[in-house]
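Student: Encoded as structure tokens, here's the structure I'll be asking about.
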Amino acid sequence: MNKTLATTLLATSAALAPAAAWADTGKLLLTGGVSTIEGAAGGGLTPWAVIGSNATDEETGATAFATHVGTRDYAMNAYGAAVGFRDRFELSVARQDFDTRDTGTALGLPGLHLRQTILGAKARVLGDAVLDSDTLMPQVAVGVQYKSLDSTGLDGTLTALGAKRHGTDVYVSATKLFLRQSLLVNGTLRATRANQNGLLGHGATLGGKEDSYRLQPEFSVAYLVSKNVAVGAEYRFMRDKLTRAGNAAGLGDGLRSGDWKDVFIAWAPTKNVSLTLAYVDLGTIVPATSGNRRQTGYYLSAQVAF
Amino acid sequence: MKTIRNSLALAAFSLLLAGTALAQPAAPNTAAAPGTAATAAPADDQLYRAFGEKAGLVALMDDFMVRLLADPRTGPFFRPANQERVKEQLVDQFCALSGGPCVYRGADMKSSHINLDIKKSDFHALVEVLQHSMDARGIPFRKQNEMLALLAPMHRDIITPKDTGTQP
């Protein structure tokens, strides 16, 4: 983790600390998930039906996180916080800063960073992922994420493609801990218009309308190796919405996207801290300027709970 | 559209696969009515043996009670109790649950907890203390979870329902 991230995390923690006393009670370690890059509690790339923080039925808890992702041609920092109310509602905020590196330069925008803010809300509808271990009933939650991309030098390009800078995702997640097997499974179905998670806006109209909501499934599995270590994998389908617009703009399939996936190990050294290391494959991201390479790399994340 | 349909089909299939593969050993008693201790004892006694049989369970409960009394979250619930009796009943209950040759003859979970105003956080605290005791007894994590999977459904009878609304 670089210095800026560490500082950000510390600053965020310090800012939140007075707001909530350290929750002395809580859930089984790691069964509450970690912070996703979008701020909601879940795996690294996919939200789960769990409510963030250690807070249970009559408590309020909070988490703060910082994440760094480095792929072959790009880098991203994300940080944010979530508050869980009575293990029922979750509010989250995340800020993503995507460094376009050589792609920005190739587009005549050297030093281009795409930054977006994600406001999220999630409500647990039914079930208890951990305690209902004698039934197949999962914990189910519904969530919404409003994504807003900052204005940058790329605005003109996005407008030309017909992509909007703001958009809303809606999802439903089902999470089940098979306690006897020490295995946690999550499935999420997301309705979205986002291109590359919103970093390239939402939808497109150039070359044909491609701006309606589509359903994208996402999956996570995690095996609890010990009380404080989990290993797992995630798969997040990501619909390619920009290829047609890219074609019309004379880029061939140079804007196509691919599914996101990762394998991870998460470690909770204490009840209030978790660290996650992952190998990620984010498919192609603007392959026109990144040599058609799959964006593989690492993901490092730290979360503090209050 | 085709891609989406394929991914959805794949998604449904994976869930189904995960569900059926895991469900069979995990849910021996899905039809149990709420209000009863919804736990079917396993067919064999491998878990009972992993916990060190009767002697192992007695030692576990001795350790567990010490920790329960020492923990500020759980102590208040157990200090007024007849601790020796609670330990005996826990031994019988764990023994029967894990496939051992015991019969639990104590009060049912619901009536024995009804007046205690137990919150979900209290229940979690107890599980955490139990994990510490099982760690101290050297019980492997996987075996701990097998036992917890049999105990966790009791939350429906042990946690006091809130006056407002239902507990889903």
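If you're wondering about the labels, chains in the structure tokens are A, B, ... by order shown, residues count from 1 in each chain, ligands from 1 in order shown.
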What's the 9 Å shell around Gly52 (chain A), counting only C-alpha atoms, without same-chain residues fewer than 5 positions away, as number ranges by chain?
Tutor: A: 32-35, 40-42, 61-63, 82-85, 87, 89-92, 305
Student: Check every residue of chain A for an atom within 9 Å of chain B, counting only C-alpha atoms, and provide those that qualify as an mmCIF file with N, CA and C atoms, in the first residue's frame.
Tutor:
```cif
data_model
loop_
_atom_site.group_PDB
_atom_site.id
_atom_site.type_symbol
_atom_site.label_atom_id
_atom_site.label_comp_id
_atom_site.auth_asym_id
_atom_site.auth_seq_id
_atom_site.Cartn_x
_atom_site.Cartn_y
_atom_site.Cartn_z
ATOM 1 N N ASP A 24 -18.142 -3.594 20.843
ATOM 2 C CA ASP A 24 -17.510 -4.667 21.587
ATOM 3 C C ASP A 24 -18.120 -6.018 21.240
ATOM 4 N N THR A 25 -19.244 -5.989 20.586
ATOM 5 C CA THR A 25 -19.894 -7.235 20.227
ATOM 6 C C THR A 25 -19.790 -7.396 18.719
ATOM 7 N N GLY A 26 -20.341 -8.467 18.210
ATOM 8 C CA GLY A 26 -20.284 -8.519 16.767
ATOM 9 C C GLY A 26 -20.523 -9.883 16.196
ATOM 10 N N LYS A 27 -20.191 -9.979 14.921
ATOM 11 C CA LYS A 27 -20.469 -11.190 14.158
ATOM 12 C C LYS A 27 -19.241 -12.079 14.144
ATOM 13 N N LEU A 28 -19.410 -13.271 13.615
ATOM 14 C CA LEU A 28 -18.262 -14.140 13.437
ATOM 15 C C LEU A 28 -17.294 -13.463 12.469
ATOM 16 N N ALA A 55 -21.844 -4.444 13.714
ATOM 17 C CA ALA A 55 -23.042 -4.157 14.490
ATOM 18 C C ALA A 55 -24.108 -5.221 14.289
ATOM 19 N N THR A 56 -24.738 -5.640 15.389
ATOM 20 C CA THR A 56 -25.852 -6.586 15.264
ATOM 21 C C THR A 56 -27.169 -5.863 15.562
ATOM 22 N N ASP A 57 -28.147 -6.617 16.015
ATOM 23 C CA ASP A 57 -29.530 -6.127 15.962
ATOM 24 C C ASP A 57 -29.840 -4.776 16.594
ATOM 25 N N GLU A 58 -29.120 -4.421 17.668
ATOM 26 C CA GLU A 58 -29.506 -3.148 18.287
ATOM 27 C C GLU A 58 -28.346 -2.156 18.279
ATOM 28 N N GLU A 59 -27.434 -2.343 17.330
ATOM 29 C CA GLU A 59 -26.237 -1.507 17.331
ATOM 30 C C GLU A 59 -26.058 -0.794 15.992
ATOM 31 N N VAL A 125 -33.391 -7.833 3.531
ATOM 32 C CA VAL A 125 -34.823 -8.094 3.404
ATOM 33 C C VAL A 125 -35.234 -9.282 4.267
ATOM 34 N N LEU A 126 -34.426 -10.349 4.239
ATOM 35 C CA LEU A 126 -34.779 -11.522 5.041
ATOM 36 C C LEU A 126 -33.570 -12.406 5.263
ATOM 37 N N GLY A 127 -33.723 -13.282 6.243
ATOM 38 C CA GLY A 127 -32.714 -14.305 6.476
ATOM 39 C C GLY A 127 -31.529 -13.852 7.306
ATOM 40 N N ASP A 128 -30.784 -14.839 7.787
ATOM 41 C CA ASP A 128 -29.529 -14.589 8.480
ATOM 42 C C ASP A 128 -28.509 -15.540 7.872
ATOM 43 N N VAL A 130 -25.641 -16.417 8.535
ATOM 44 C CA VAL A 130 -24.784 -17.215 9.399
ATOM 45 C C VAL A 130 -25.576 -18.159 10.298
ATOM 46 N N LEU A 131 -26.605 -17.635 10.962
ATOM 47 C CA LEU A 131 -27.256 -18.403 12.027
ATOM 48 C C LEU A 131 -28.279 -19.423 11.528
ATOM 49 N N ASP A 132 -28.880 -19.183 10.371
ATOM 50 C CA ASP A 132 -29.895 -20.122 9.879
ATOM 51 C C ASP A 132 -29.227 -21.312 9.198
ATOM 52 N N SER A 133 -28.379 -22.009 9.941
ATOM 53 C CA SER A 133 -27.526 -23.019 9.310
ATOM 54 C C SER A 133 -28.253 -24.344 9.050
ATOM 55 N N ASP A 134 -29.531 -24.439 9.449
ATOM 56 C CA ASP A 134 -30.248 -25.684 9.196
ATOM 57 C C ASP A 134 -31.210 -25.567 8.014
ATOM 58 N N THR A 135 -31.224 -24.424 7.360
ATOM 59 C CA THR A 135 -32.081 -24.276 6.184
ATOM 60 C C THR A 135 -31.228 -23.777 5.025
ATOM 61 N N LEU A 136 -31.810 -23.843 3.837
ATOM 62 C CA LEU A 136 -31.098 -23.324 2.668
ATOM 63 C C LEU A 136 -31.380 -21.848 2.459
ATOM 64 N N PHE A 178 -22.501 -21.769 4.481
ATOM 65 C CA PHE A 178 -22.679 -23.186 4.783
ATOM 66 C C PHE A 178 -21.691 -23.492 5.896
ATOM 67 N N LEU A 179 -22.176 -23.288 7.125
ATOM 68 C CA LEU A 179 -21.290 -23.303 8.290
ATOM 69 C C LEU A 179 -20.605 -24.653 8.462
ATOM 70 N N ARG A 180 -21.376 -25.713 8.239
ATOM 71 C CA ARG A 180 -20.832 -27.057 8.392
ATOM 72 C C ARG A 180 -19.650 -27.279 7.455
ATOM 73 N N GLN A 181 -19.726 -26.670 6.273
ATOM 74 C CA GLN A 181 -18.648 -26.815 5.288
ATOM 75 C C GLN A 181 -17.654 -25.661 5.348
ATOM 76 N N SER A 182 -17.900 -24.667 6.216
ATOM 77 C CA SER A 182 -17.064 -23.467 6.320
ATOM 78 C C SER A 182 -16.998 -22.724 4.980
ATOM 79 N N VAL A 185 -21.215 -18.579 0.162
ATOM 80 C CA VAL A 185 -21.543 -18.426 -1.261
ATOM 81 C C VAL A 185 -22.414 -17.184 -1.427
ATOM 82 N N ASN A 186 -22.123 -16.389 -2.425
ATOM 83 C CA ASN A 186 -22.966 -15.224 -2.701
ATOM 84 C C ASN A 186 -23.304 -15.143 -4.180
ATOM 85 N N GLY A 187 -24.544 -14.769 -4.464
ATOM 86 C CA GLY A 187 -24.944 -14.459 -5.831
ATOM 87 C C GLY A 187 -25.604 -13.093 -5.851
ATOM 88 N N ARG A 214 -29.448 -3.523 -18.196
ATOM 89 C CA ARG A 214 -29.198 -4.939 -18.445
ATOM 90 C C ARG A 214 -28.907 -5.625 -17.123
ATOM 91 N N LEU A 215 -29.185 -6.916 -17.083
ATOM 92 C CA LEU A 215 -28.912 -7.676 -15.867
ATOM 93 C C LEU A 215 -27.540 -8.332 -15.945
ATOM 94 N N GLN A 216 -26.759 -8.122 -14.920
ATOM 95 C CA GLN A 216 -25.431 -8.735 -14.860
ATOM 96 C C GLN A 216 -25.286 -9.558 -13.584
ATOM 97 N N PRO A 217 -25.075 -10.873 -13.689
ATOM 98 C CA PRO A 217 -24.864 -11.687 -12.483
ATOM 99 C C PRO A 217 -23.434 -11.570 -11.947
ATOM 100 N N GLU A 218 -23.310 -11.762 -10.668
ATOM 101 C CA GLU A 218 -21.999 -11.709 -10.018
ATOM 102 C C GLU A 218 -21.958 -12.803 -8.950
ATOM 103 N N PHE A 219 -20.819 -13.447 -8.791
ATOM 104 C CA PHE A 219 -20.703 -14.551 -7.837
ATOM 105 C C PHE A 219 -19.457 -14.448 -6.986
ATOM 106 N N LEU A 224 -13.680 -20.534 4.597
ATOM 107 C CA LEU A 224 -13.058 -20.078 5.836
ATOM 108 C C LEU A 224 -12.012 -21.106 6.252
ATOM 109 N N VAL A 225 -10.756 -20.724 6.100
ATOM 110 C CA VAL A 225 -9.650 -21.632 6.389
ATOM 111 C C VAL A 225 -9.465 -21.756 7.902
ATOM 112 N N SER A 226 -9.561 -20.623 8.561
ATOM 113 C CA SER A 226 -9.483 -20.599 10.015
ATOM 114 C C SER A 226 -10.370 -19.454 10.468
ATOM 115 N N LYS A 227 -10.355 -19.201 11.767
ATOM 116 C CA LYS A 227 -11.249 -18.172 12.287
ATOM 117 C C LYS A 227 -10.987 -16.819 11.623
ATOM 118 N N PHE A 237 -19.879 -10.650 -14.096
ATOM 119 C CA PHE A 237 -20.149 -10.462 -15.526
ATOM 120 C C PHE A 237 -20.245 -8.973 -15.817
ATOM 121 N N ARG A 239 -21.214 -6.520 -19.000
ATOM 122 C CA ARG A 239 -21.683 -6.466 -20.371
ATOM 123 C C ARG A 239 -20.911 -5.404 -21.152
#
```
Student: Which parts of region 81-275 of chain A does DSSP call alpha helix (DSSP H) when run on the backbone here, written out as a PyMOL selection string?
Tutor: chain A and resi 101-106+155-161+243-248
Student: Would you pick out the contacts of region 145-149 of chain A at 7 Å or less, using only C-alpha atoms, so that residues sharing its chain but fewer than 6 positions from it are not included, and give the list as a list in words?
Tutor: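 With the cut-off at 7 Å, the set is Arg115, Gln116, Thr117, Ile118, Leu119, Gly120, Ala121, Arg165, His166, Gly167, Thr168, Asp169, Val170, Gly198, Leu199 and Gly201 of chain A.
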Student: Leaving out Leu130 (chain B) and any residue of its chain fewer than 6 positions from it, which residues lie within 10 Å of it when counting only C-alpha atoms, given as a ChimeraX atom specification?
Tutor: /B:60-61,63-65,67-68,124,136,144,148
Student: Enter the distance from CA of Asp97 (chain A) to CA of Lys122 (chain A), in Å, rounded to one decimal.
Tutor: 23.2 Å
Student: Separation of CA of Gly162 (chain A) and CA of Ile285 (chain A), in Å?
Tutor: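 Between these atoms lies a distance of 18.0 Å.
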Student: Which residue, B:Val86, B:Ala70, B:Ala50, B:Ile159, has the smallest gap to Ser111 (chain B) when you use only C-alpha atoms?
Tutor: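 Once distances to Ser111 (chain B) are computed over only C-alpha atoms, the minimum belongs to B:Ile159.
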